[in-house]
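Enquirer: Sharing structure-v1.csv here; it has CSV, C-alpha atoms.
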```csv
chain,number,residue,atom,x,y,z
A,1,MET,CA,3.2,27.7,-26.2
A,2,PHE,CA,1.3,26.0,-23.4
A,3,LEU,CA,-1.3,23.2,-23.4
A,4,LYS,CA,-4.9,24.1,-22.4
A,5,VAL,CA,-7.1,21.2,-21.2
A,6,TYR,CA,-10.6,20.9,-19.8
A,7,THR,CA,-11.7,17.9,-17.9
A,8,THR,CA,-14.5,16.1,-19.6
A,9,ASN,CA,-14.6,12.6,-18.2
A,10,LEU,CA,-13.3,10.6,-15.3
A,11,GLY,CA,-13.8,6.9,-15.5
A,12,PHE,CA,-12.6,3.5,-14.3
A,13,GLN,CA,-11.8,0.7,-16.6
A,14,SER,CA,-11.2,-3.0,-15.8
A,15,ASN,CA,-9.2,-4.9,-18.4
A,16,PRO,CA,-8.3,-8.3,-16.9
A,17,VAL,CA,-5.8,-10.4,-18.8
A,18,PRO,CA,-4.3,-13.8,-18.1
A,19,THR,CA,-1.5,-13.5,-15.5
A,20,SER,CA,-0.2,-17.1,-15.7
A,21,SER,CA,3.5,-17.4,-16.6
A,22,PRO,CA,4.7,-19.7,-19.3
A,23,ILE,CA,8.1,-19.9,-17.7
A,24,PHE,CA,7.5,-20.3,-14.0
A,25,ASN,CA,5.1,-23.0,-12.8
A,26,PRO,CA,3.2,-22.3,-9.5
A,27,ARG,CA,4.3,-25.8,-8.4
A,28,THR,CA,7.9,-24.9,-8.7
A,29,LEU,CA,9.8,-25.5,-5.5
A,30,PRO,CA,11.1,-22.4,-3.6
A,31,PHE,CA,14.7,-23.1,-4.5
A,32,LYS,CA,14.2,-24.6,-8.0
A,33,THR,CA,13.8,-22.1,-10.7
A,34,PRO,CA,14.3,-22.3,-14.5
A,35,LYS,CA,16.7,-20.6,-16.8
A,36,LEU,CA,18.8,-18.2,-14.8
A,37,PHE,CA,17.9,-19.9,-11.6
A,38,GLU,CA,18.7,-23.5,-12.8
A,39,SER,CA,21.9,-23.1,-14.9
A,40,SER,CA,23.7,-26.4,-15.2
A,41,SER,CA,26.9,-24.8,-16.5
A,42,SER,CA,29.9,-24.6,-14.2
A,43,HIS,CA,30.9,-21.3,-15.8
A,44,ARG,CA,28.7,-18.3,-15.6
A,45,ASN,CA,29.3,-14.8,-16.9
A,46,VAL,CA,28.8,-11.6,-15.0
A,47,PHE,CA,27.0,-8.9,-17.1
A,48,VAL,CA,27.9,-5.3,-16.6
A,49,TYR,CA,25.5,-2.6,-17.8
A,50,ARG,CA,26.4,-0.1,-20.5
A,51,SER,CA,24.2,2.6,-22.1
A,52,ASN,CA,22.1,2.1,-25.2
A,53,VAL,CA,21.2,-1.6,-24.4
A,54,VAL,CA,19.4,-3.5,-27.1
A,55,ASP,CA,16.4,-5.1,-25.4
A,56,LYS,CA,14.3,-7.9,-26.8
A,57,GLN,CA,11.1,-5.8,-26.5
A,58,GLN,CA,12.3,-2.4,-27.7
A,59,LEU,CA,15.3,-0.4,-28.7
A,60,VAL,CA,16.0,2.4,-26.2
A,61,SER,CA,17.9,5.3,-27.7
A,62,PHE,CA,19.1,8.1,-25.4
A,63,ASN,CA,21.9,10.6,-26.0
A,64,GLU,CA,24.6,11.1,-23.4
A,65,PRO,CA,22.9,14.0,-21.5
A,66,GLU,CA,19.6,12.0,-21.5
A,67,ASN,CA,21.5,9.0,-20.1
A,68,GLN,CA,22.7,11.1,-17.3
A,69,LEU,CA,19.1,11.8,-16.3
A,70,ILE,CA,18.1,8.2,-16.6
A,71,GLU,CA,21.1,7.2,-14.4
A,72,ALA,CA,20.0,9.8,-11.8
A,73,LEU,CA,16.4,8.3,-11.8
A,74,ILE,CA,17.5,4.7,-11.3
A,75,GLY,CA,16.7,3.6,-7.8
A,76,ILE,CA,14.6,6.6,-6.8
A,77,GLN,CA,11.5,5.4,-4.9
A,78,GLY,CA,8.0,6.8,-5.1
A,79,ARG,CA,8.7,8.8,-8.3
A,80,GLY,CA,10.7,11.3,-6.2
A,81,ARG,CA,8.7,11.2,-3.0
A,82,SER,CA,11.3,9.2,-1.2
A,83,ALA,CA,14.4,10.6,-3.0
A,84,SER,CA,17.4,11.6,-0.9
A,85,PRO,CA,18.8,15.1,-1.1
A,86,GLN,CA,21.7,13.7,-3.2
A,87,GLN,CA,19.3,12.0,-5.6
A,88,LEU,CA,17.2,15.2,-5.9
A,89,SER,CA,20.4,17.1,-6.6
A,90,ASP,CA,21.5,14.7,-9.3
A,91,VAL,CA,18.1,14.8,-11.0
A,92,THR,CA,17.9,18.6,-10.8
A,93,ARG,CA,21.3,19.0,-12.3
A,94,ALA,CA,20.6,16.5,-15.2
A,95,VAL,CA,17.2,18.2,-15.9
A,96,GLN,CA,18.8,21.6,-16.1
A,97,VAL,CA,21.5,20.4,-18.5
A,98,LEU,CA,18.8,19.0,-20.8
A,99,GLU,CA,16.7,22.1,-20.6
A,100,GLY,CA,19.7,24.1,-21.7
A,101,LEU,CA,20.2,22.0,-24.8
A,102,GLU,CA,18.3,22.1,-28.0
A,103,GLY,CA,15.5,19.5,-28.0
A,104,VAL,CA,12.6,19.4,-30.4
A,105,PRO,CA,11.6,23.0,-31.1
A,106,ASP,CA,8.0,23.9,-30.4
A,107,PRO,CA,7.3,20.5,-28.8
A,108,THR,CA,3.5,20.9,-28.4
A,109,ASN,CA,3.2,21.2,-32.2
A,110,SER,CA,5.4,18.2,-32.8
A,111,SER,CA,4.0,14.8,-33.5
A,112,LEU,CA,6.7,13.3,-31.2
A,113,ILE,CA,4.7,14.6,-28.1
A,114,GLU,CA,1.8,12.3,-28.9
A,115,GLY,CA,1.3,8.9,-27.4
A,116,ARG,CA,1.4,7.3,-24.0
A,117,TRP,CA,4.0,8.7,-21.5
A,118,GLN,CA,5.0,7.0,-18.3
A,119,LEU,CA,5.6,9.3,-15.3
A,120,MET,CA,9.0,8.5,-13.9
A,121,PHE,CA,9.7,11.4,-11.5
A,122,THR,CA,8.0,14.5,-10.1
A,123,THR,CA,9.0,17.1,-7.6
A,124,ARG,CA,6.7,18.7,-5.0
A,125,PRO,CA,3.9,16.0,-5.2
A,126,GLY,CA,2.0,17.8,-2.5
A,127,THR,CA,1.3,20.7,-4.9
A,128,ALA,CA,0.1,18.5,-7.7
A,129,SER,CA,-3.4,17.6,-8.7
A,130,PRO,CA,-5.6,15.3,-6.5
A,131,ILE,CA,-5.0,12.3,-8.7
A,132,GLN,CA,-1.2,12.9,-8.5
A,133,ARG,CA,-1.2,13.4,-4.8
A,134,THR,CA,-3.0,10.2,-4.2
A,135,PHE,CA,-1.2,7.8,-6.4
A,136,VAL,CA,2.1,9.2,-7.7
A,137,GLY,CA,4.1,8.2,-4.7
A,138,VAL,CA,3.0,4.6,-4.8
A,139,ASP,CA,5.4,2.5,-6.8
A,140,PHE,CA,2.9,-0.4,-7.0
A,141,PHE,CA,0.8,1.7,-9.4
A,142,SER,CA,1.9,2.8,-12.9
A,143,VAL,CA,1.1,6.4,-13.8
A,144,PHE,CA,0.7,7.5,-17.4
A,145,GLN,CA,-0.2,10.5,-19.5
A,146,GLU,CA,-1.7,10.1,-22.9
A,147,VAL,CA,-1.4,13.1,-25.3
A,148,TYR,CA,-3.3,13.2,-28.6
A,149,LEU,CA,-3.4,16.7,-30.1
A,150,ARG,CA,-3.3,16.1,-33.9
A,151,THR,CA,-6.9,15.0,-34.2
A,152,ASN,CA,-10.3,16.5,-34.6
A,153,ASP,CA,-10.9,15.9,-30.9
A,154,PRO,CA,-7.6,16.6,-29.1
A,155,ARG,CA,-7.3,14.9,-25.7
A,156,VAL,CA,-4.9,14.7,-22.8
A,157,SER,CA,-5.5,11.9,-20.2
A,158,ASN,CA,-3.9,11.1,-16.9
A,159,ILE,CA,-4.1,7.4,-16.1
A,160,VAL,CA,-3.3,5.4,-13.0
A,161,ARG,CA,-2.8,1.7,-13.8
A,162,PHE,CA,-3.6,-0.5,-10.8
A,163,SER,CA,-3.1,-4.0,-12.2
A,164,ASP,CA,-4.2,-6.1,-15.1
A,165,ALA,CA,-7.0,-7.6,-13.0
A,166,ILE,CA,-8.3,-4.4,-11.4
A,167,GLY,CA,-7.9,-2.0,-14.3
A,168,GLU,CA,-7.1,1.7,-14.4
A,169,LEU,CA,-8.4,5.1,-13.4
A,170,LYS,CA,-8.5,7.6,-16.2
A,171,VAL,CA,-9.0,11.4,-16.1
A,172,GLU,CA,-9.7,12.6,-19.7
A,173,ALA,CA,-9.6,16.2,-20.8
A,174,ALA,CA,-10.3,18.1,-24.0
A,175,ALA,CA,-7.2,20.0,-25.1
A,176,SER,CA,-6.0,22.9,-27.2
A,177,ILE,CA,-2.6,24.6,-27.6
A,178,LYS,CA,-2.8,28.1,-26.3
A,179,ASP,CA,-0.5,30.7,-24.9
A,180,VAL,CA,-2.6,30.7,-21.7
A,181,PRO,CA,-3.0,28.5,-18.6
A,182,PHE,CA,-4.9,25.3,-18.6
A,183,ARG,CA,-7.6,24.1,-16.2
A,184,LEU,CA,-7.7,20.6,-14.8
A,185,LEU,CA,-10.0,19.1,-12.1
A,186,GLY,CA,-11.6,22.4,-11.3
A,187,ASP,CA,-10.2,25.5,-9.5
A,188,GLU,CA,-7.7,23.5,-7.4
A,189,ALA,CA,-5.5,22.8,-10.4
A,190,LYS,CA,-5.6,26.0,-12.4
A,191,GLY,CA,-2.3,26.7,-14.1
A,192,TRP,CA,-0.1,25.9,-17.0
A,193,LEU,CA,2.1,23.1,-18.1
A,194,ASP,CA,5.2,23.9,-20.2
A,195,THR,CA,7.2,21.2,-22.0
A,196,THR,CA,10.8,22.4,-21.5
A,197,TYR,CA,12.5,19.5,-23.2
A,198,LEU,CA,11.4,16.9,-25.7
A,199,SER,CA,14.0,14.5,-26.9
A,200,PRO,CA,14.7,14.2,-30.7
A,201,SER,CA,13.8,10.5,-30.4
A,202,GLY,CA,10.5,11.4,-28.8
A,203,ASP,CA,11.1,9.0,-25.9
A,204,LEU,CA,11.9,11.5,-23.1
A,205,ARG,CA,10.0,14.6,-22.0
A,206,ILE,CA,10.5,17.2,-19.2
A,207,SER,CA,7.6,19.5,-18.3
A,208,ARG,CA,7.2,22.2,-15.6
A,209,GLY,CA,4.0,23.5,-14.0
A,210,ASN,CA,3.1,26.9,-12.6
A,211,LYS,CA,3.3,25.5,-9.0
A,212,GLY,CA,7.0,24.7,-9.4
A,213,THR,CA,6.5,21.1,-10.1
A,214,THR,CA,8.9,19.3,-12.5
A,215,PHE,CA,7.8,16.2,-14.3
A,216,VAL,CA,10.0,13.6,-16.1
A,217,LEU,CA,8.1,11.3,-18.4
A,218,GLN,CA,9.3,8.6,-20.8
A,219,LYS,CA,7.6,6.7,-23.7
A,220,LYS,CA,10.2,3.9,-23.5
A,221,THR,CA,12.1,2.8,-20.4
A,222,GLU,CA,15.5,1.2,-20.3
A,223,PRO,CA,15.8,-2.4,-19.0
A,224,ARG,CA,16.8,-1.5,-15.5
A,225,GLN,CA,13.8,0.8,-15.1
A,226,ARG,CA,11.5,-2.0,-16.3
A,227,LEU,CA,13.1,-4.5,-13.9
A,228,LEU,CA,12.7,-2.1,-10.9
A,229,SER,CA,9.1,-1.4,-11.9
A,230,THR,CA,8.3,-5.1,-12.0
A,231,ILE,CA,9.9,-5.6,-8.6
A,232,SER,CA,7.7,-2.8,-7.2
A,233,THR,CA,4.5,-4.6,-8.4
A,234,GLY,CA,5.8,-7.9,-7.0
A,235,LYS,CA,4.5,-9.9,-10.0
A,236,GLY,CA,6.5,-11.7,-12.6
A,237,VAL,CA,9.8,-10.7,-11.0
A,238,ARG,CA,11.6,-14.0,-11.7
A,239,GLU,CA,10.7,-13.8,-15.4
A,240,ALA,CA,11.8,-10.2,-15.5
A,241,ILE,CA,15.2,-11.0,-14.0
A,242,ASP,CA,15.6,-13.9,-16.4
A,243,GLU,CA,14.8,-11.7,-19.4
A,244,PHE,CA,17.0,-8.9,-18.0
A,245,ILE,CA,20.0,-11.1,-17.8
A,246,SER,CA,19.4,-12.7,-21.2
A,247,SER,CA,19.1,-9.2,-22.8
A,248,ASN,CA,22.5,-8.3,-21.4
A,249,GLN,CA,24.4,-11.4,-22.5
A,250,ASN,CA,26.4,-9.4,-25.0
A,251,LEU,CA,27.8,-7.2,-22.1
A,252,THR,CA,30.2,-9.7,-20.7
A,253,GLY,CA,33.5,-8.8,-19.0
A,254,GLY,CA,34.0,-5.5,-17.2
A,255,GLU,CA,33.8,-5.3,-13.4
A,256,THR,CA,33.6,-8.6,-11.6
A,257,GLU,CA,34.4,-7.2,-8.2
A,258,LEU,CA,31.9,-6.7,-5.5
A,259,GLN,CA,31.6,-2.9,-5.5
A,260,GLU,CA,32.0,-1.1,-2.2
A,261,GLY,CA,29.1,0.8,-0.8
A,262,GLU,CA,25.8,0.4,0.9
A,263,TRP,CA,23.3,-1.9,-0.9
A,264,GLN,CA,19.7,-2.3,0.1
A,265,MET,CA,18.1,-5.6,-0.6
A,266,ILE,CA,14.9,-5.0,-2.6
A,267,TRP,CA,13.9,-8.5,-3.7
A,268,SER,CA,14.9,-12.1,-3.1
A,269,SER,CA,13.6,-15.4,-4.6
A,270,GLN,CA,12.9,-16.8,-1.2
A,271,VAL,CA,10.3,-15.4,1.2
A,272,GLU,CA,11.4,-14.5,4.7
A,273,THR,CA,11.2,-17.3,7.4
A,274,ASP,CA,9.5,-16.9,10.8
A,275,SER,CA,12.8,-16.2,12.4
A,276,TRP,CA,14.0,-12.6,11.8
A,277,LEU,CA,17.4,-13.5,13.2
A,278,GLU,CA,17.8,-16.2,10.6
A,279,ASN,CA,16.6,-13.8,7.9
A,280,ALA,CA,19.0,-11.1,9.0
A,281,GLY,CA,22.0,-13.4,9.4
A,282,ASN,CA,21.5,-14.8,5.9
A,283,GLY,CA,21.0,-11.4,4.1
A,284,LEU,CA,17.3,-11.8,3.5
A,285,MET,CA,16.6,-8.3,4.7
A,286,GLY,CA,18.3,-5.0,5.4
A,287,ILE,CA,21.4,-3.4,4.0
A,288,GLN,CA,24.6,-5.0,2.8
A,289,ILE,CA,27.8,-3.0,3.3
A,290,ILE,CA,30.8,-3.9,1.2
A,291,LYS,CA,34.3,-2.5,2.0
A,292,LYS,CA,37.5,-2.6,-0.1
A,293,ASN,CA,39.4,-4.6,2.6
A,294,GLY,CA,37.3,-7.7,2.0
A,295,GLN,CA,34.8,-6.9,4.8
A,296,ILE,CA,31.1,-7.4,4.4
A,297,LYS,CA,28.4,-6.5,6.9
A,298,PHE,CA,24.6,-7.2,7.1
A,299,LEU,CA,22.8,-4.4,8.9
A,300,VAL,CA,19.1,-4.6,9.8
A,301,ASP,CA,16.9,-2.0,11.6
A,302,ILE,CA,14.8,-3.9,14.2
A,303,LEU,CA,12.9,-1.1,16.0
A,304,LEU,CA,13.4,2.2,17.9
A,305,GLY,CA,17.1,2.6,17.1
A,306,ILE,CA,18.0,-1.1,17.7
A,307,LYS,CA,19.9,-2.8,15.0
A,308,PHE,CA,21.2,-6.2,14.1
A,309,SER,CA,24.7,-6.3,12.8
A,310,MET,CA,26.7,-9.2,11.4
A,311,THR,CA,30.2,-8.8,10.0
A,312,GLY,CA,32.2,-11.2,7.9
A,313,ARG,CA,34.7,-11.6,5.1
A,314,PHE,CA,34.6,-12.3,1.4
A,315,VAL,CA,37.3,-13.7,-0.8
A,316,LYS,CA,37.1,-14.6,-4.5
A,317,SER,CA,36.6,-18.3,-5.2
A,318,GLY,CA,39.3,-20.0,-7.1
A,319,ASN,CA,36.7,-21.8,-9.3
A,320,SER,CA,35.1,-18.7,-10.8
A,321,ASN,CA,35.9,-15.1,-11.5
A,322,SER,CA,32.5,-14.0,-10.3
A,323,THR,CA,32.0,-16.1,-7.2
A,324,TYR,CA,32.9,-15.2,-3.7
A,325,GLU,CA,33.2,-17.3,-0.5
A,326,ILE,CA,31.4,-15.5,2.3
A,327,THR,CA,32.0,-16.2,6.0
A,328,MET,CA,29.8,-14.3,8.5
A,329,ASP,CA,30.8,-14.8,12.1
A,330,ASP,CA,30.6,-11.6,14.2
A,331,ALA,CA,26.9,-10.8,15.1
A,332,ALA,CA,25.5,-8.5,17.6
A,333,ILE,CA,22.3,-6.6,18.6
A,334,ILE,CA,23.3,-2.9,18.8
A,335,GLY,CA,21.5,-0.1,20.6
A,336,GLY,CA,23.3,3.2,20.6
A,337,GLN,CA,26.8,2.7,21.9
A,338,PHE,CA,26.1,-0.7,23.4
A,339,GLY,CA,26.1,-4.1,21.8
A,340,TYR,CA,25.0,-7.6,22.8
A,341,PRO,CA,27.0,-10.4,21.1
A,342,VAL,CA,25.0,-13.1,19.3
A,343,GLU,CA,26.7,-16.4,18.7
A,344,MET,CA,26.0,-17.5,15.1
A,345,GLU,CA,27.9,-18.3,11.9
A,346,SER,CA,27.0,-18.5,8.3
A,347,LYS,CA,29.1,-19.7,5.3
A,348,PHE,CA,28.0,-19.6,1.7
A,349,ASN,CA,29.0,-18.7,-1.8
A,350,LEU,CA,27.9,-15.5,-3.4
A,351,GLU,CA,27.8,-15.5,-7.2
A,352,LEU,CA,27.7,-12.2,-9.0
A,353,LEU,CA,25.2,-12.4,-11.9
A,354,TYR,CA,25.0,-8.7,-12.9
A,355,SER,CA,26.6,-5.6,-11.6
A,356,ASP,CA,26.6,-1.8,-12.3
A,357,ASP,CA,26.8,1.3,-10.2
A,358,LYS,CA,23.2,1.2,-9.2
A,359,ILE,CA,21.9,-2.4,-9.3
A,360,ARG,CA,23.4,-5.8,-8.4
A,361,ILE,CA,22.0,-9.3,-8.9
A,362,THR,CA,23.5,-12.2,-7.1
A,363,ARG,CA,22.9,-15.8,-6.2
A,364,GLY,CA,23.7,-16.3,-2.5
A,365,TYR,CA,22.7,-18.3,0.6
A,366,ASN,CA,20.8,-21.5,-0.3
A,367,ASN,CA,20.9,-20.6,-4.0
A,368,ILE,CA,18.6,-17.6,-3.4
A,369,VAL,CA,18.7,-14.9,-6.0
A,370,PHE,CA,19.0,-11.3,-4.6
A,371,VAL,CA,18.5,-7.9,-6.1
A,372,HIS,CA,20.3,-5.0,-4.3
A,373,LEU,CA,20.0,-1.3,-5.0
A,374,ARG,CA,22.9,1.0,-4.2
A,375,MET,CA,22.0,3.6,-1.5
A,376,ASP,CA,25.1,5.7,-1.1
A,377,GLY,CA,25.6,7.2,-4.6
A,378,LEU,CA,28.1,6.4,-7.2
A,379,LYS,CA,31.7,5.4,-6.5
A,380,LYS,CA,34.0,8.4,-6.9
A,381,LYS,CA,36.4,8.1,-9.7
```
Turn the structure described in the file into structure tokens.
Expert:
Amino acid sequence: MFLKVYTTNLGFQSNPVPTSSPIFNPRTLPFKTPKLFESSSSHRNVFVYRSNVVDKQQLVSFNEPENQLIEALIGIQGRGRSASPQQLSDVTRAVQVLEGLEGVPDPTNSSLIEGRWQLMFTTRPGTASPIQRTFVGVDFFSVFQEVYLRTNDPRVSNIVRFSDAIGELKVEAAASIKDVPFRLLGDEAKGWLDTTYLSPSGDLRISRGNKGTTFVLQKKTEPRQRLLSTISTGKGVREAIDEFISSNQNLTGGETELQEGEWQMIWSSQVETDSWLENAGNGLMGIQIIKKNGQIKFLVDILLGIKFSMTGRFVKSGNSNSTYEITMDDAAIIGGQFGYPVEMESKFNLELLYSDDKIRITRGYNNIVFVHLRMDGLKKK
């Protein structure tokens, strides 16, 4: 059974709400932050993620195959537009596994399909509808689909949420369940949309369109997804990190080692200075490469194939199981096979606040809090 919809209304709504934070005061100094950022305790735990986390806001319940898909989605930028070949392969494999399992039978007739769904991933955005092509690949915006079929006036709406202050763009359509294609936004988007998997919990949905597009949508997102979404918007990030750490306080122990691999810095609590060399040398931009032999490297693309590289060493501090002493002392500007040495040195402690195979939160140089995203896939077991 397929869903047939006819566009009836396209509108723009502005729903401003207060954006002031009760936790972070605008007058707070750059390196003075509350809660997580101002712990007075000499002992701090490192929190390691496990599945089925109980969050303060909502309980997220996914089975193991669904968790595999969630894991594959973590860290993908632009809802799939900027995914690497490996990331696309991981998502495709996880989607195929779920589609081969028994989800909710006849999902379009189930009450579980109703509600607001957040678009997390889509393939082939260039073949999607105009609203999808314009906004789907922009992480700063949230994209939703509202499905309400069990009413006297069944509706399906696609929504782009810009911000609390600006509002949202909504494309609303009358809907009916038919074994025929649906029409959306005129002739350009003729076709059908088939729900190939609906989770028994009603929190995860996979749909496929006639143009070969795959959509992954969720009603509820797990804590890491919400954290990354907040970082994408750039608002309330410190509060989100504080809440994220607090919600994982029961997950102590586990890996307290710096995991090897390539880690892209996606957020820091300190804005960059005017000196790109200082930023690069202190890890305020670029990629951090961790190796098993205790070597750490900062790597920053400057322009036209020219990179800044700074190599150093890390050793675990004797005062804490989750703190490392970092010494960076081998810097160079690299272009192709040639390098120009740069005389600089930086020493600081790096405290591991949270770690899993995809995300790492640390407190480093000048007490700055960093969020890194793993770029080179999971560690092979």
Enquirer: Which one is closest to A:Ser207: A:Ser355, A:Gln288, A:Ser320, A:Gln145? Count only C-alpha atoms.
Expert: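 When distances to A:Ser207 are compared using only C-alpha atoms, the smallest one comes from A:Gln145.
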Enquirer: What's the separation between atom CA of A:Ile333 and atom CA of A:Gly305, in Å to one decimal place?
Expert: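 Interatomic distance, atom CA of A:Ile333 to atom CA of A:Gly305: 10.7 Å.
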Enquirer: Report, in Å with one decimal, the straight-line distance from atom CA of A:Glu243 to atom CA of A:Arg226.
Expert: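 Answer for the atom CA of A:Glu243 to atom CA of A:Arg226 separation: 10.7 Å.
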Enquirer: Taking (27.1, -14.7, -5.7) in the coordinates of the supplied file, I want to know which residues reach to within 9 Å of it, counting only C-alpha atoms; could you give the answer as a PyMOL selection string?
Expert: chain A and resi 322-325+348-353+361-365+367+369-370
Enquirer: Near A:Phe215, counting only C-alpha atoms, which residues have an atom at most 12 Å away, once you skip same-chain residues fewer than 4 positions from it, shown as an mmCIF file with C-alpha atoms, in the frame of the given file?
Expert:
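Below is the file part00.cif, written as the result:
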```cif
data_model
loop_
_atom_site.group_PDB
_atom_site.id
_atom_site.type_symbol
_atom_site.label_atom_id
_atom_site.label_comp_id
_atom_site.auth_asym_id
_atom_site.auth_seq_id
_atom_site.Cartn_x
_atom_site.Cartn_y
_atom_site.Cartn_z
ATOM 1 C CA LEU A 73 16.400 8.300 -11.800
ATOM 2 C CA ARG A 79 8.700 8.800 -8.300
ATOM 3 C CA GLY A 80 10.700 11.300 -6.200
ATOM 4 C CA VAL A 91 18.100 14.800 -11.000
ATOM 5 C CA THR A 92 17.900 18.600 -10.800
ATOM 6 C CA VAL A 95 17.200 18.200 -15.900
ATOM 7 C CA TRP A 117 4.000 8.700 -21.500
ATOM 8 C CA GLN A 118 5.000 7.000 -18.300
ATOM 9 C CA LEU A 119 5.600 9.300 -15.300
ATOM 10 C CA MET A 120 9.000 8.500 -13.900
ATOM 11 C CA PHE A 121 9.700 11.400 -11.500
ATOM 12 C CA THR A 122 8.000 14.500 -10.100
ATOM 13 C CA THR A 123 9.000 17.100 -7.600
ATOM 14 C CA ARG A 124 6.700 18.700 -5.000
ATOM 15 C CA PRO A 125 3.900 16.000 -5.200
ATOM 16 C CA ALA A 128 0.100 18.500 -7.700
ATOM 17 C CA GLN A 132 -1.200 12.900 -8.500
ATOM 18 C CA VAL A 136 2.100 9.200 -7.700
ATOM 19 C CA VAL A 143 1.100 6.400 -13.800
ATOM 20 C CA PHE A 144 0.700 7.500 -17.400
ATOM 21 C CA GLN A 145 -0.200 10.500 -19.500
ATOM 22 C CA LEU A 193 2.100 23.100 -18.100
ATOM 23 C CA ASP A 194 5.200 23.900 -20.200
ATOM 24 C CA THR A 195 7.200 21.200 -22.000
ATOM 25 C CA THR A 196 10.800 22.400 -21.500
ATOM 26 C CA TYR A 197 12.500 19.500 -23.200
ATOM 27 C CA LEU A 198 11.400 16.900 -25.700
ATOM 28 C CA LEU A 204 11.900 11.500 -23.100
ATOM 29 C CA ARG A 205 10.000 14.600 -22.000
ATOM 30 C CA ILE A 206 10.500 17.200 -19.200
ATOM 31 C CA SER A 207 7.600 19.500 -18.300
ATOM 32 C CA ARG A 208 7.200 22.200 -15.600
ATOM 33 C CA GLY A 209 4.000 23.500 -14.000
ATOM 34 C CA ASN A 210 3.100 26.900 -12.600
ATOM 35 C CA LYS A 211 3.300 25.500 -9.000
#
```
Enquirer: Of the candidates A:Arg313, A:Arg161, A:Lys347, A:Arg360, which shows the shortest atom-to-atom distance to A:Phe244, using all atoms listed in the file?
Expert: A:Arg360
Enquirer: In terms of the shortest atom-to-atom distance over only C-alpha atoms, which of A:Ala280, A:Met265, A:Leu69, A:Ala83 is closest to A:Glu345?
Expert: A:Ala280
Enquirer: Using all atoms listed in the file, find the one residue out of A:Arg93, A:Gly234, A:Pro107, A:Asn248 that sits nearest to A:Glu222.
Expert: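 Of A:Arg93, A:Gly234, A:Pro107, A:Asn248, the one nearest A:Glu222, counting all atoms listed in the file, is A:Asn248.
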Enquirer: At what distance in Å, to one decimal, does atom CA of A:Lys170 lie from atom CA of A:Asn152?
Expert: 20.5 Å
Enquirer: Quick one: of A:Ser61, A:Ser142, A:Ser346, A:Ser84, who's nearest to A:Phe162, counting all atoms listed in the file?
Expert: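 Among the listed residues, the smallest separation from A:Phe162 belongs to A:Ser142.
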Enquirer: Can you work out which one of A:Ile326, A:Val371, A:Ser111, A:Arg224 has the shortest atom-to-atom distance to A:Arg238, counting all atoms listed in the file?
Expert: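 Checking each candidate against A:Arg238, we get A:Val371 as the closest.
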Enquirer: Pick out the residues sitting within 6 Å of A:Lys307, and hand them over as a ChimeraX atom specification; count only C-alpha atoms, and ignore anything fewer than 5 positions along from it in its own chain.
Expert: /A:300-302,333-334
